[in-house]
>>> print(open('final_32.cif').read())   # mmCIF, C-alpha atoms
data_work
#
loop_
_atom_site.group_PDB
_atom_site.id
_atom_site.type_symbol
_atom_site.label_atom_id
_atom_site.label_comp_id
_atom_site.auth_asym_id
_atom_site.auth_seq_id
_atom_site.Cartn_x
_atom_site.Cartn_y
_atom_site.Cartn_z
ATOM 1 C CA MET V 1361 93.762 121.417 119.134
ATOM 2 C CA SER V 1362 90.680 119.289 118.604
ATOM 3 C CA ARG V 1363 90.507 115.820 120.165
ATOM 4 C CA LEU V 1364 88.986 112.713 118.672
ATOM 5 C CA PRO V 1365 86.020 111.830 120.830
ATOM 6 C CA GLY V 1366 86.560 108.645 122.833
ATOM 7 C CA VAL V 1367 83.378 107.086 121.472
ATOM 8 C CA PHE V 1368 84.459 107.696 117.885
ATOM 9 C CA ALA V 1369 87.914 106.296 118.552
ATOM 10 C CA ALA V 1370 86.555 103.165 120.209
ATOM 11 C CA CYS V 1371 83.963 102.573 117.483
ATOM 12 C CA ALA V 1372 86.434 103.231 114.680
ATOM 13 C CA ALA V 1373 89.039 100.916 116.191
ATOM 14 C CA LEU V 1374 86.492 98.151 116.665
ATOM 15 C CA LEU V 1375 85.107 98.608 113.174
ATOM 16 C CA LEU V 1376 88.492 98.789 111.475
ATOM 17 C CA LEU V 1377 90.020 95.961 113.438
ATOM 18 C CA SER V 1378 87.070 93.585 113.557
ATOM 19 C CA GLY V 1379 88.031 90.208 112.283
ATOM 20 C CA CYS V 1380 91.746 90.796 112.811
ATOM 21 C CA GLY V 1381 93.316 87.735 114.340
ATOM 22 C CA SER V 1382 90.374 85.528 113.438
ATOM 23 C CA GLU V 1383 90.753 82.181 111.792
ATOM 24 C CA PRO V 1384 90.835 82.148 107.988
ATOM 25 C CA PRO V 1385 87.621 81.173 106.220
ATOM 26 C CA ALA V 1386 87.188 77.492 105.438
ATOM 27 C CA ALA V 1387 87.589 78.178 101.699
ATOM 28 C CA ALA V 1388 91.142 79.430 102.334
ATOM 29 C CA ALA V 1389 92.104 75.997 103.653
ATOM 30 C CA THR V 1390 91.169 74.168 100.449
ATOM 31 C CA PRO V 1391 94.015 73.051 98.176
ATOM 32 C CA GLN V 1392 94.813 75.461 95.362
ATOM 33 C CA ALA V 1393 96.711 75.123 92.118
ATOM 34 C CA PRO V 1394 100.416 75.997 92.511
ATOM 35 C CA GLN V 1395 100.012 79.171 90.417
ATOM 36 C CA ALA V 1396 97.060 80.371 92.487
ATOM 37 C CA SER V 1397 98.878 79.793 95.776
ATOM 38 C CA LYS V 1398 101.901 81.728 94.516
ATOM 39 C CA ALA V 1399 99.579 84.574 93.523
ATOM 40 C CA VAL V 1400 98.438 85.084 97.131
ATOM 41 C CA ASP V 1401 101.962 85.907 98.281
ATOM 42 C CA THR V 1402 102.763 87.930 95.155
ATOM 43 C CA ASN V 1403 99.587 89.982 95.567
ATOM 44 C CA PHE V 1404 100.513 90.648 99.181
ATOM 45 C CA LEU V 1405 103.980 91.889 98.245
ATOM 46 C CA ILE V 1406 102.673 94.195 95.534
ATOM 47 C CA ALA V 1407 99.696 95.548 97.526
ATOM 48 C CA ALA V 1408 101.748 96.103 100.687
ATOM 49 C CA THR V 1409 104.472 97.875 98.714
ATOM 50 C CA GLN V 1410 101.977 100.029 96.824
ATOM 51 C CA ASN V 1411 100.267 101.062 100.056
ATOM 52 C CA GLY V 1412 103.622 101.730 101.680
ATOM 53 C CA LEU V 1413 104.735 103.974 98.826
ATOM 54 C CA ALA V 1414 101.586 106.049 99.211
ATOM 55 C CA GLN V 1415 101.877 106.229 102.992
ATOM 56 C CA LYS V 1416 105.490 107.411 102.755
ATOM 57 C CA ASP V 1417 104.805 110.060 100.118
ATOM 58 C CA PHE V 1418 101.775 111.361 102.015
ATOM 59 C CA ALA V 1419 103.765 111.352 105.275
ATOM 60 C CA GLN V 1420 106.607 113.347 103.722
ATOM 61 C CA LEU V 1421 104.079 115.898 102.532
ATOM 62 C CA ALA V 1422 102.467 116.008 105.988
ATOM 63 C CA GLN V 1423 105.822 116.676 107.621
ATOM 64 C CA LYS V 1424 106.021 119.853 105.526
ATOM 65 C CA LYS V 1425 102.395 120.990 105.493
ATOM 66 C CA ALA V 1426 100.520 119.707 108.551
ATOM 67 C CA THR V 1427 99.565 122.363 111.063
ATOM 68 C CA GLU V 1428 98.902 119.897 113.906
ATOM 69 C CA ALA V 1429 102.047 118.713 115.714
ATOM 70 C CA SER V 1430 100.415 115.305 116.330
ATOM 71 C CA LEU V 1431 100.070 114.802 112.568
ATOM 72 C CA ARG V 1432 103.704 115.682 111.906
ATOM 73 C CA LYS V 1433 104.728 113.238 114.653
ATOM 74 C CA PHE V 1434 102.507 110.526 113.174
ATOM 75 C CA ALA V 1435 104.021 111.189 109.725
ATOM 76 C CA THR V 1436 107.525 110.727 111.149
ATOM 77 C CA GLU V 1437 106.490 107.423 112.746
ATOM 78 C CA ILE V 1438 104.997 106.230 109.448
ATOM 79 C CA LEU V 1439 108.257 106.950 107.644
ATOM 80 C CA GLN V 1440 110.270 105.026 110.243
ATOM 81 C CA ASN V 1441 107.903 102.045 110.400
ATOM 82 C CA GLN V 1442 107.416 101.847 106.647
ATOM 83 C CA GLY V 1443 111.162 101.887 106.055
ATOM 84 C CA GLU V 1444 111.503 98.710 108.119
ATOM 85 C CA ILE V 1445 108.533 97.077 106.425
ATOM 86 C CA ASP V 1446 109.942 97.954 102.996
ATOM 87 C CA LYS V 1447 113.215 96.168 103.798
ATOM 88 C CA HIS V 1448 111.369 92.957 104.631
ATOM 89 C CA LEU V 1449 109.085 93.189 101.603
ATOM 90 C CA ALA V 1450 112.086 93.721 99.317
ATOM 91 C CA GLN V 1451 113.838 90.662 100.790
ATOM 92 C CA PHE V 1452 110.745 88.501 100.265
ATOM 93 C CA ALA V 1453 110.298 89.835 96.729
ATOM 94 C CA GLN V 1454 113.917 89.117 95.837
ATOM 95 C CA THR V 1455 113.615 85.561 97.164
ATOM 96 C CA LYS V 1456 110.417 85.005 95.151
ATOM 97 C CA GLY V 1457 111.575 86.846 92.019
ATOM 98 C CA VAL V 1458 108.761 89.387 92.266
ATOM 99 C CA SER V 1459 109.177 92.881 90.805
ATOM 100 C CA LEU V 1460 107.797 95.456 93.204
ATOM 101 C CA PRO V 1461 106.302 98.820 92.234
ATOM 102 C CA TYR V 1462 108.626 101.782 92.678
ATOM 103 C CA ALA V 1463 106.081 104.618 92.492
ATOM 104 C CA MET V 1464 102.549 105.306 93.671
ATOM 105 C CA ASP V 1465 99.718 104.058 91.507
ATOM 106 C CA VAL V 1466 97.619 106.573 89.551
ATOM 107 C CA PRO V 1467 94.764 106.943 92.097
ATOM 108 C CA HIS V 1468 97.251 107.691 94.893
ATOM 109 C CA GLN V 1469 99.165 110.099 92.628
ATOM 110 C CA ARG V 1470 95.947 111.989 91.867
ATOM 111 C CA PHE V 1471 95.118 112.305 95.539
ATOM 112 C CA TYR V 1472 98.684 113.362 96.325
ATOM 113 C CA HIS V 1473 98.396 116.234 93.843
ATOM 114 C CA GLN V 1474 95.066 117.264 95.372
ATOM 115 C CA LEU V 1475 96.575 117.088 98.859
ATOM 116 C CA GLU V 1476 99.575 119.108 97.706
ATOM 117 C CA SER V 1477 97.299 122.013 96.780
ATOM 118 C CA LEU V 1478 95.631 122.157 100.219
ATOM 119 C CA ASN V 1479 96.777 124.169 103.218
ATOM 120 C CA GLY V 1480 96.032 124.538 106.918
ATOM 121 C CA TYR V 1481 93.097 122.751 108.468
ATOM 122 C CA THR V 1482 91.850 121.580 105.054
ATOM 123 C CA PHE V 1483 95.157 119.803 104.445
ATOM 124 C CA ASP V 1484 95.201 118.292 107.938
ATOM 125 C CA ARG V 1485 91.687 116.915 107.611
ATOM 126 C CA ALA V 1486 92.251 115.453 104.126
ATOM 127 C CA TYR V 1487 95.524 113.886 105.275
ATOM 128 C CA VAL V 1488 93.856 112.280 108.305
ATOM 129 C CA GLU V 1489 91.059 110.831 106.198
ATOM 130 C CA ARG V 1490 93.494 109.388 103.640
ATOM 131 C CA GLN V 1491 95.829 107.967 106.248
ATOM 132 C CA LEU V 1492 92.929 106.251 108.009
ATOM 133 C CA GLN V 1493 92.057 104.619 104.684
ATOM 134 C CA ASN V 1494 95.671 103.670 103.999
ATOM 135 C CA GLN V 1495 96.233 102.267 107.492
ATOM 136 C CA THR V 1496 93.034 100.246 107.238
ATOM 137 C CA MET V 1497 94.029 98.895 103.813
ATOM 138 C CA ALA V 1498 97.480 97.983 105.111
ATOM 139 C CA ILE V 1499 95.987 96.083 108.044
ATOM 140 C CA GLN V 1500 93.609 94.242 105.711
ATOM 141 C CA THR V 1501 96.469 93.365 103.343
ATOM 142 C CA PHE V 1502 98.613 91.993 106.162
ATOM 143 C CA GLN V 1503 95.621 90.160 107.672
ATOM 144 C CA THR V 1504 94.922 88.441 104.355
ATOM 145 C CA GLU V 1505 98.540 87.297 104.130
ATOM 146 C CA ALA V 1506 98.519 86.137 107.749
ATOM 147 C CA ASP V 1507 95.352 84.117 107.094
ATOM 148 C CA SER V 1508 95.905 82.865 103.557
ATOM 149 C CA GLY V 1509 99.570 83.291 102.607
ATOM 150 C CA LYS V 1510 101.377 80.213 101.374
ATOM 151 C CA ASP V 1511 104.967 81.134 102.257
ATOM 152 C CA PRO V 1512 105.495 80.342 105.965
ATOM 153 C CA ALA V 1513 108.048 83.127 106.478
ATOM 154 C CA MET V 1514 105.787 85.726 104.871
ATOM 155 C CA ARG V 1515 102.782 84.560 106.874
ATOM 156 C CA SER V 1516 104.805 84.757 110.054
ATOM 157 C CA TYR V 1517 106.035 88.250 109.214
ATOM 158 C CA ALA V 1518 102.488 89.443 108.450
ATOM 159 C CA LYS V 1519 101.257 88.007 111.769
ATOM 160 C CA GLN V 1520 104.134 89.698 113.581
ATOM 161 C CA GLN V 1521 103.381 93.100 111.994
ATOM 162 C CA LEU V 1522 99.614 93.110 112.566
ATOM 163 C CA PRO V 1523 99.683 94.032 116.277
ATOM 164 C CA VAL V 1524 102.171 96.832 115.547
ATOM 165 C CA MET V 1525 100.002 98.219 112.741
ATOM 166 C CA GLN V 1526 96.832 97.934 114.821
ATOM 167 C CA ASP V 1527 98.529 99.714 117.712
ATOM 168 C CA ASP V 1528 99.672 102.505 115.363
ATOM 169 C CA LEU V 1529 96.095 102.953 114.207
ATOM 170 C CA ARG V 1530 94.739 102.930 117.766
ATOM 171 C CA ARG V 1531 97.296 105.514 118.871
ATOM 172 C CA PHE V 1532 96.495 107.689 115.870
ATOM 173 C CA LEU V 1533 92.774 107.529 116.581
ATOM 174 C CA THR V 1534 93.173 108.409 120.252
ATOM 175 C CA SER V 1535 96.110 110.846 120.145
ATOM 176 C CA GLY V 1536 94.189 113.936 119.182
ATOM 177 C CA GLY V 1537 94.535 115.984 116.080
ATOM 178 C CA ILE V 1538 91.948 116.588 113.414
ATOM 179 C CA GLN V 1539 88.773 114.562 113.457
ATOM 180 C CA PRO V 1540 87.909 112.869 110.145
ATOM 181 C CA ALA V 1541 84.565 113.785 108.640
ATOM 182 C CA LEU V 1542 81.761 111.531 109.819
ATOM 183 C CA PRO V 1543 78.516 110.919 107.975
ATOM 184 C CA SER V 1544 75.734 113.002 109.476
ATOM 185 C CA ALA V 1545 72.888 111.195 111.164
ATOM 186 C CA GLY V 1546 70.077 111.735 108.692
#
>>> encode(input="final_32.cif", output="C-alpha cells")
Amino acid sequence: MSRLPGVFAACAALLLLSGCGSEPPAAAATPQAPQASKAVDTNFLIAATQNGLAQKDFAQLAQKKATEASLRKFATEILQNQGEIDKHLAQFAQTKGVSLPYAMDVPHQRFYHQLESLNGYTFDRAYVERQLQNQTMAIQTFQTEADSGKDPAMRSYAKQQLPVMQDDLRRFLTSGGIQPALPSAG
C-alpha cells in the first residue's frame, strides 16, 4: 500500500483549507436586495445537494471497485456522513420551498461513467483525485454559506459542519491509500 507523503498531506491540507474560518469579505456585509439574499441560501442548498449526490454515487462505486481497503473505508464514511447532511439540507429546502436536485449533474454523470469503466489501481487513483475535488468543493460551498448565508439556522449548520468536513479531508489525506497525481516540477 502506498502512503501519502507527509509533506504532500500537510501542503494539500493547508492549501485546501486556507481561508476556512476567516471573516467574510467586507462586500458580503453590504445590504442586498431581498431576492439576492435569498439566492445565497438557495444556491448553497442546490450546490451542497449536487455535490453530495456525486459523492454518494462515487462512494457506492468505490465500495464495489476500489482495491485499497482505506478507500473502501473512506467511501463508507462518505455515505454515512452525506446521509446526515442530506437530511438537514432537505429540511432547510422544505422550509424555504426550494426544489433540490435528485440526480447528479451532467459533468458528474460523465465522470461516473468514465470511472465505472476503470479497474484496479487506475480506478483507485481516479477516485482519489475526484473525491479530493469533491471534498474541496463541499468545504468551499459550506464556507461560503457560513460566511455569507442569510438564514441564521443554515449559517449555523454550515459552521457546525465545516470542522467535520475539514477533519474528513485531513484524515483522507493522511490515512494512506493512492497518491493523487501531482504536477511534475518542470
>>> closest_residue(input="final_32.cif", among="V:Leu1533, V:Met1497, V:Ala1518, V:Leu1460", to="Leu1431 of chain V", atoms="all atoms listed in the file")
V:Leu1533
>>> closest_residue(input="final_32.cif", among="V:Asn1479, V:Gln1491, V:Gln1469, V:Gln1474", to="Ala1419 of chain V", atoms="all atoms listed in the file")
V:Gln1491
>>> axis_aligned_box(input="final_32.cif", around="segment 1442-1456 of chain V", padding_each_side="6 Å", output="JSON")
{"center_x": 110.7, "center_y": 93.4, "center_z": 101.6, "size_x": 18.5, "size_y": 28.9, "size_z": 25.0}
>>> residues_around(input="final_32.cif", residues="Gln1442 of chain V", least_positions_apart="3", cutoff="8 Å", atoms="all atoms listed in the file", output="list of chain:residue names")
V:Gly1412, V:Gln1415, V:Lys1416, V:Ile1438, V:Leu1439, V:Ile1445, V:Asp1446
>>> write_last_selection(input="final_32.cif", atoms="C-alpha atoms", output="compact mmCIF listing (two decimals), keeping the file's coordinate frame")
# COMPACT_ATOMS: atom_id res chain seq x y z
CA GLY V 1412 103.62 101.73 101.68
CA GLN V 1415 101.88 106.23 102.99
CA LYS V 1416 105.49 107.41 102.76
CA ILE V 1438 105.00 106.23 109.45
CA LEU V 1439 108.26 106.95 107.64
CA ILE V 1445 108.53 97.08 106.42
CA ASP V 1446 109.94 97.95 103.00
>>> closest_residue(input="final_32.cif", among="V:Leu1522, V:Ala1414, V:Leu1529, V:Val1458", to="Arg1470 of chain V", atoms="all atoms listed in the file")
V:Ala1414
>>> atom_distance(input="final_32.cif", atom1="atom CA of Gln1500 of chain V", atom2="atom CA of Thr1409 of chain V")
13.4 Å
>>> atom_distance(input="final_32.cif", atom1="atom CA of His1473 of chain V", atom2="atom CA of Ala1426 of chain V")
15.3 Å
>>> residues_around(input="final_32.cif", residues="Lys1510 of chain V", least_positions_apart="2", cutoff="8 Å", atoms="all atoms listed in the file", output="PyMOL selection string")
chain V and resi 1397-1398+1400-1401+1508+1512+1514-1515
>>> resolve_selection(input="final_32.cif", expression="the PyMOL selection byres ((chain V and resi 1459) around 10)", output="NGL selection string")
:V and (1402 or 1405-1406 or 1450 or 1453-1454 or 1456-1458 or 1460-1462)
>>> atom_distance(input="final_32.cif", atom1="atom CA of Met1525 of chain V", atom2="atom CA of Ala1498 of chain V")
8.0 Å
>>> closest_residue(input="final_32.cif", among="V:Asp1527, V:Asp1484, V:Glu1476, V:Glu1444", to="Ala1429 of chain V", atoms="only C-alpha atoms")
V:Asp1484
>>> closest_residue(input="final_32.cif", among="V:Ala1506, V:Ala1408, V:Leu1492, V:Leu1475", to="Lys1447 of chain V", atoms="only C-alpha atoms")
V:Ala1408
